[in-house]
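Source file: coords14.pdb. Holds: PDB, C-alpha atoms, pLDDT in the B column.
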```
ATOM      1  CA  MET A   1     131.957 122.344 198.766  1.00 76.00           C
ATOM      2  CA  ALA A   2     133.205 124.936 196.267  1.00 75.00           C
ATOM      3  CA  ALA A   3     134.615 122.169 194.073  1.00 73.00           C
ATOM      4  CA  ARG A   4     131.211 120.471 193.908  1.00 70.00           C
ATOM      5  CA  ILE A   5     129.517 123.718 192.919  1.00 77.00           C
ATOM      6  CA  ALA A   6     132.142 124.291 190.230  1.00 68.00           C
ATOM      7  CA  ILE A   7     131.594 120.773 188.869  1.00 74.00           C
ATOM      8  CA  VAL A   8     127.815 121.302 188.752  1.00 65.00           C
ATOM      9  CA  VAL A   9     128.240 124.658 186.982  1.00 64.00           C
ATOM     10  CA  LEU A  10     130.585 123.072 184.421  1.00 66.00           C
ATOM     11  CA  ALA A  11     128.199 120.177 183.870  1.00 64.00           C
ATOM     12  CA  VAL A  12     125.247 122.521 183.317  1.00 63.00           C
ATOM     13  CA  GLY A  13     127.332 124.554 180.869  1.00 65.00           C
ATOM     14  CA  ALA A  14     128.350 121.411 178.977  1.00 63.00           C
ATOM     15  CA  VAL A  15     124.736 120.250 178.734  1.00 61.00           C
ATOM     16  CA  ALA A  16     123.638 123.657 177.423  1.00 59.00           C
ATOM     17  CA  LEU A  17     126.429 123.675 174.825  1.00 53.00           C
ATOM     18  CA  LEU A  18     125.661 120.143 173.664  1.00 53.00           C
ATOM     19  CA  ALA A  19     121.935 120.897 173.448  1.00 51.00           C
ATOM     20  CA  THR A  20     122.707 123.853 171.185  1.00 58.00           C
ATOM     21  CA  ARG A  21     124.931 121.726 168.962  1.00 55.00           C
ATOM     22  CA  LEU A  22     122.249 119.027 168.790  1.00 51.00           C
ATOM     23  CA  ARG A  23     119.671 121.598 167.699  1.00 57.00           C
ATOM     24  CA  GLU A  24     122.058 122.813 164.964  1.00 59.00           C
ATOM     25  CA  HIS A  25     122.619 119.208 163.863  1.00 52.00           C
ATOM     26  CA  ASP A  26     118.874 118.600 163.687  1.00 54.00           C
ATOM     27  CA  ARG A  27     118.352 121.750 161.584  1.00 57.00           C
ATOM     28  CA  CYS A  28     121.088 120.590 159.218  1.00 61.00           C
ATOM     29  CA  ASP A  29     119.522 117.124 158.915  1.00 58.00           C
ATOM     30  CA  SER A  30     116.118 118.661 158.174  1.00 56.00           C
ATOM     31  CA  ALA A  31     117.561 120.850 155.441  1.00 53.00           C
ATOM     32  CA  ARG A  32     119.513 117.922 153.991  1.00 53.00           C
ATOM     33  CA  ALA A  33     116.419 115.717 153.849  1.00 53.00           C
ATOM     34  CA  ASP A  34     114.811 117.963 151.241  1.00 58.00           C
ATOM     35  CA  VAL A  35     117.881 119.437 149.574  1.00 59.00           C
ATOM     36  CA  ILE A  36     116.271 119.659 146.145  1.00 58.00           C
ATOM     37  CA  HIS A  37     113.611 122.089 147.359  1.00 60.00           C
ATOM     38  CA  ARG A  38     115.358 123.696 150.320  1.00 60.00           C
ATOM     39  CA  SER A  39     118.974 124.080 149.221  1.00 63.00           C
ATOM     40  CA  ALA A  40     119.171 127.683 150.449  1.00 68.00           C
ATOM     41  CA  ALA A  41     118.339 126.549 153.976  1.00 67.00           C
ATOM     42  CA  LEU A  42     121.227 124.112 153.860  1.00 71.00           C
ATOM     43  CA  THR A  43     123.907 126.802 153.704  1.00 71.00           C
ATOM     44  CA  ASP A  44     122.438 128.477 156.774  1.00 74.00           C
ATOM     45  CA  ALA A  45     121.784 125.311 158.760  1.00 72.00           C
ATOM     46  CA  CYS A  46     124.937 123.275 158.083  1.00 80.00           C
ATOM     47  CA  ARG A  47     128.502 124.150 159.015  1.00 80.00           C
ATOM     48  CA  ASP A  48     130.180 121.092 157.544  1.00 84.00           C
ATOM     49  CA  PRO A  49     131.563 121.812 154.042  1.00 88.00           C
ATOM     50  CA  ASP A  50     131.397 118.117 153.137  1.00 87.00           C
ATOM     51  CA  VAL A  51     127.639 118.133 153.757  1.00 85.00           C
ATOM     52  CA  LEU A  52     127.364 121.050 151.342  1.00 88.00           C
ATOM     53  CA  ALA A  53     129.506 119.197 148.802  1.00 90.00           C
ATOM     54  CA  GLY A  54     127.315 116.095 149.011  1.00 87.00           C
ATOM     55  CA  ALA A  55     124.193 118.190 148.595  1.00 87.00           C
ATOM     56  CA  ALA A  56     125.799 119.958 145.622  1.00 89.00           C
ATOM     57  CA  ALA A  57     126.420 116.615 143.932  1.00 87.00           C
ATOM     58  CA  ALA A  58     122.801 115.607 144.579  1.00 85.00           C
ATOM     59  CA  LEU A  59     121.563 118.855 143.051  1.00 86.00           C
ATOM     60  CA  VAL A  60     123.740 118.393 139.961  1.00 88.00           C
ATOM     61  CA  ALA A  61     122.442 114.837 139.568  1.00 85.00           C
ATOM     62  CA  ALA A  62     118.882 116.159 139.847  1.00 84.00           C
ATOM     63  CA  GLY A  63     119.485 118.635 137.022  1.00 87.00           C
ATOM     64  CA  ARG A  64     119.922 121.723 139.183  1.00 85.00           C
ATOM     65  CA  GLY A  65     123.440 122.513 138.073  1.00 86.00           C
ATOM     66  CA  GLU A  66     123.395 126.242 138.885  1.00 89.00           C
ATOM     67  CA  ARG A  67     122.375 125.712 142.497  1.00 89.00           C
ATOM     68  CA  GLY A  68     124.690 122.714 142.765  1.00 90.00           C
ATOM     69  CA  LEU A  69     127.623 124.809 141.573  1.00 93.00           C
ATOM     70  CA  ALA A  70     126.773 127.586 144.034  1.00 91.00           C
ATOM     71  CA  LEU A  71     126.645 125.075 146.884  1.00 91.00           C
ATOM     72  CA  ALA A  72     129.915 123.446 145.778  1.00 93.00           C
ATOM     73  CA  ARG A  73     131.609 126.841 145.655  1.00 94.00           C
ATOM     74  CA  GLU A  74     130.298 127.625 149.129  1.00 92.00           C
ATOM     75  CA  SER A  75     131.782 124.337 150.315  1.00 92.00           C
ATOM     76  CA  VAL A  76     135.288 125.204 149.087  1.00 95.00           C
ATOM     77  CA  ALA A  77     134.943 128.793 150.297  1.00 95.00           C
ATOM     78  CA  ARG A  78     134.304 127.474 153.799  1.00 92.00           C
ATOM     79  CA  GLU A  79     137.097 124.900 153.591  1.00 93.00           C
ATOM     80  CA  PRO A  80     139.569 125.288 150.717  1.00 95.00           C
ATOM     81  CA  ARG A  81     141.118 121.908 151.570  1.00 94.00           C
ATOM     82  CA  SER A  82     137.816 120.051 151.201  1.00 93.00           C
ATOM     83  CA  PHE A  83     138.384 117.142 148.849  1.00 93.00           C
ATOM     84  CA  ALA A  84     134.644 116.520 148.508  1.00 93.00           C
ATOM     85  CA  GLY A  85     134.078 120.205 147.807  1.00 95.00           C
ATOM     86  CA  TRP A  86     136.519 120.252 144.891  1.00 95.00           C
ATOM     87  CA  VAL A  87     135.021 117.067 143.452  1.00 94.00           C
ATOM     88  CA  ALA A  88     131.575 118.688 143.676  1.00 94.00           C
ATOM     89  CA  VAL A  89     132.879 121.804 141.904  1.00 95.00           C
ATOM     90  CA  GLY A  90     134.320 119.574 139.175  1.00 94.00           C
ATOM     91  CA  LEU A  91     131.046 117.703 138.753  1.00 91.00           C
ATOM     92  CA  ALA A  92     129.018 120.899 138.640  1.00 92.00           C
ATOM     93  CA  GLN A  93     131.350 122.473 136.063  1.00 93.00           C
ATOM     94  CA  ARG A  94     131.821 119.468 133.779  1.00 89.00           C
ATOM     95  CA  ASP A  95     129.231 120.457 131.155  1.00 87.00           C
ATOM     96  CA  ARG A  96     129.415 124.234 131.374  1.00 90.00           C
ATOM     97  CA  ASP A  97     133.202 124.754 131.674  1.00 93.00           C
ATOM     98  CA  PRO A  98     135.250 121.579 131.140  1.00 92.00           C
ATOM     99  CA  ALA A  99     138.564 123.398 131.710  1.00 94.00           C
ATOM    100  CA  ALA A 100     137.378 124.668 135.103  1.00 94.00           C
ATOM    101  CA  ALA A 101     136.114 121.175 135.895  1.00 93.00           C
ATOM    102  CA  ARG A 102     139.526 119.692 135.124  1.00 93.00           C
ATOM    103  CA  ARG A 103     141.216 122.305 137.343  1.00 95.00           C
ATOM    104  CA  ALA A 104     138.824 121.562 140.219  1.00 95.00           C
ATOM    105  CA  LEU A 105     139.343 117.811 139.864  1.00 93.00           C
ATOM    106  CA  ALA A 106     143.116 118.327 139.720  1.00 94.00           C
ATOM    107  CA  ARG A 107     142.843 120.224 143.016  1.00 95.00           C
ATOM    108  CA  ALA A 108     140.842 117.328 144.480  1.00 94.00           C
ATOM    109  CA  LYS A 109     143.494 114.868 143.266  1.00 93.00           C
ATOM    110  CA  ALA A 110     146.219 117.018 144.865  1.00 94.00           C
ATOM    111  CA  LEU A 111     144.333 116.886 148.165  1.00 93.00           C
ATOM    112  CA  ASN A 112     143.842 113.122 147.912  1.00 92.00           C
ATOM    113  CA  PRO A 113     146.568 111.557 145.731  1.00 92.00           C
ATOM    114  CA  ARG A 114     145.107 108.050 146.189  1.00 92.00           C
ATOM    115  CA  TRP A 115     141.810 109.064 144.589  1.00 89.00           C
ATOM    116  CA  PRO A 116     141.488 107.223 141.268  1.00 89.00           C
ATOM    117  CA  GLY A 117     139.430 110.043 139.725  1.00 84.00           C
ATOM    118  CA  LEU A 118     135.956 110.121 138.276  1.00 79.00           C
ATOM    119  CA  PRO A 119     134.695 107.242 136.151  1.00 76.00           C
ATOM    120  CA  PRO A 120     135.081 108.022 132.429  1.00 71.00           C
ATOM    121  CA  ALA A 121     131.338 108.707 132.007  1.00 61.00           C
ATOM    122  CA  ALA A 122     131.436 111.374 134.730  1.00 58.00           C
ATOM    123  CA  ALA A 123     134.786 112.932 133.796  1.00 59.00           C
ATOM    124  CA  PRO A 124     134.822 116.327 132.060  1.00 61.00           C
ATOM    125  CA  ARG A 125     135.080 116.186 128.311  1.00 59.00           C
ATOM    126  CA  SER A 126     138.317 117.279 126.627  1.00 58.00           C
ATOM    127  CA  PRO A 127     138.064 120.044 124.006  1.00 58.00           C
TER
END
```
Rendering of file as structure tokens:
Amino acid sequence: MAARIAIVVLAVGAVALLATRLREHDRCDSARADVIHRSAALTDACRDPDVLAGAAAALVAAGRGERGLALARESVAREPRSFAGWVAVGLAQRDRDPAAARRALARAKALNPRWPGLPPAAAPRSP
């Protein structure tokens, strides 16, 4: 009898934990859906640094380089070994600080040696 009660208690705990995680996932998806206008909500709602890196790249592409760079930096602050985060930092820095962009992309390449790099049009310009 005690074993059955323990199993029920564990099952209820697992359901509560998964419901909380699902709610967090839904908040992250909502923030990601409108990243251009709600980028600040994304850092609070999403734990995954790769989600932040993808949103950073979207912001840079939309012409919001400052916010994209901030989000990319947050991504690598949360996970310094985030390949996508370092690529996002490189993309966000390419026009404002090409040397920093090259350093960030070199870090990404070190994390993923098979990565062929950015296409020439997206690569940072040499001085």
Quick check on the file I pasted: which residues fall under the PyMOL selection byres ((chain A and resi 82) around 12)? Write them as a PyMOL selection string. chain A and resi 48-54+72-81+83-89+104-105+107-112
List, as a PyMOL selection string, every residue that the PyMOL selection byres ((chain A and resi 91-101) around 10) selects in the file provided. chain A and resi 56-57+59-61+63-73+85-90+102-107+118+122-127
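Going from atom CA of A:Trp115 over to atom CA of A:Arg47, you cover 24.8 Å.
Going from atom CA of A:Pro119 to atom CA of A:Ala55 covers 19.6 Å.
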